[in-house]
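Here the structure is laid out as structure tokens; the discussion comes afterwards.
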Amino acid sequence: MTPQNTVELTQNQLQPEPTTHPPEPEPAQSYVIVTTPTNLRSLSGRQKTGTVLQKDTQLTVTGNEENGWIEISEPEPGGIGKGRTKNTCPAN
């Protein structure tokens, strides 16, 4: 092997640098307010968790909604009937 061949092999072995993308911004969180005391439900089976959410409690919603139920992450994970809430402005 000549020095020229060695250089060619080295150049052929070079790998392109991976393309990097900036991280996507997280969506603004949305909140709802409880309009009447209601039971927090589990996400699986909609069973009562034992937690009663009081009127005017702010809930953080995940964005998942199904058959009139909305999923929340705060004050604790679970589900609540959409009809027992009112929308508020998203966080800034």
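Each chain in the structure tokens gets a letter, A, B and so on, in the order shown; residues start at 1 in every chain, and ligands are counted from 1 in the order they appear.
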Test item: residues at most 9 Å from Lys55 of chain A, only C-alpha atoms, excluding those fewer than 3 positions along its chain, as a list in words: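 Close residues of Lys55 of chain A: Ile33, Val34, Thr35, Thr36, Pro37, Thr38 and Gln58 of chain A.
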Keeping only N, CA and C atoms, write those residues as a compact mmCIF listing (two decimals), in the first residue's frame.
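result_33.txt, freshly written:
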```
# COMPACT_ATOMS: atom_id res chain seq x y z
N ILE A 33 -61.20 25.19 35.16
CA ILE A 33 -61.63 25.42 36.54
C ILE A 33 -62.84 24.53 36.81
N VAL A 34 -62.85 23.90 37.97
CA VAL A 34 -63.98 23.07 38.38
C VAL A 34 -65.14 24.00 38.72
N THR A 35 -66.33 23.72 38.17
CA THR A 35 -67.50 24.58 38.42
C THR A 35 -68.38 24.08 39.55
N THR A 36 -68.25 22.81 39.91
CA THR A 36 -69.02 22.24 41.00
C THR A 36 -68.21 21.10 41.60
N PRO A 37 -68.27 20.88 42.92
CA PRO A 37 -67.49 19.78 43.49
C PRO A 37 -67.76 18.47 42.75
N THR A 38 -66.70 17.76 42.44
CA THR A 38 -66.84 16.53 41.67
C THR A 38 -65.73 15.54 42.00
N GLN A 58 -58.18 24.88 40.09
CA GLN A 58 -57.58 24.93 38.75
C GLN A 58 -56.97 23.57 38.42
```
Atomic separation - atom CA of Val61 of chain A relative to atom CA of Gln29 of chain A, Å: 7.2 Å
Counting only C-alpha atoms, the residue of A:Pro18, A:Pro75, A:Gly68, A:Gly63 that sits nearest Arg46 of chain A: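 Looking at the shortest contact to Arg46 of chain A, the residue is A:Gly68.
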Near-Lys48 of chain A list (12 Å; only C-alpha atoms; drop same-chain fewer than 6 positions) as a list in words: Thr38, Asn39, Leu40, Arg41, Ser42, Gly78, Gly79 and Ile80 of chain A
Those in segment 21-90 of chain A with strand (DSSP E) from DSSP, as number ranges by chain: A: 30-34, 38-41, 48-53, 58-66, 69-74, 78-81, 85-87
Pick from A:Pro77, A:Glu71, A:Lys86, A:His21 nearest to Thr49 of chain A, counting only C-alpha atoms: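 Closest candidate: A:Pro77.
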Å distance separating atom CA of Val52 of chain A from atom CA of Ser30 of chain A, one decimal place: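 Atom CA of Ser30 of chain A lies 20.7 Å from atom CA of Val52 of chain A.
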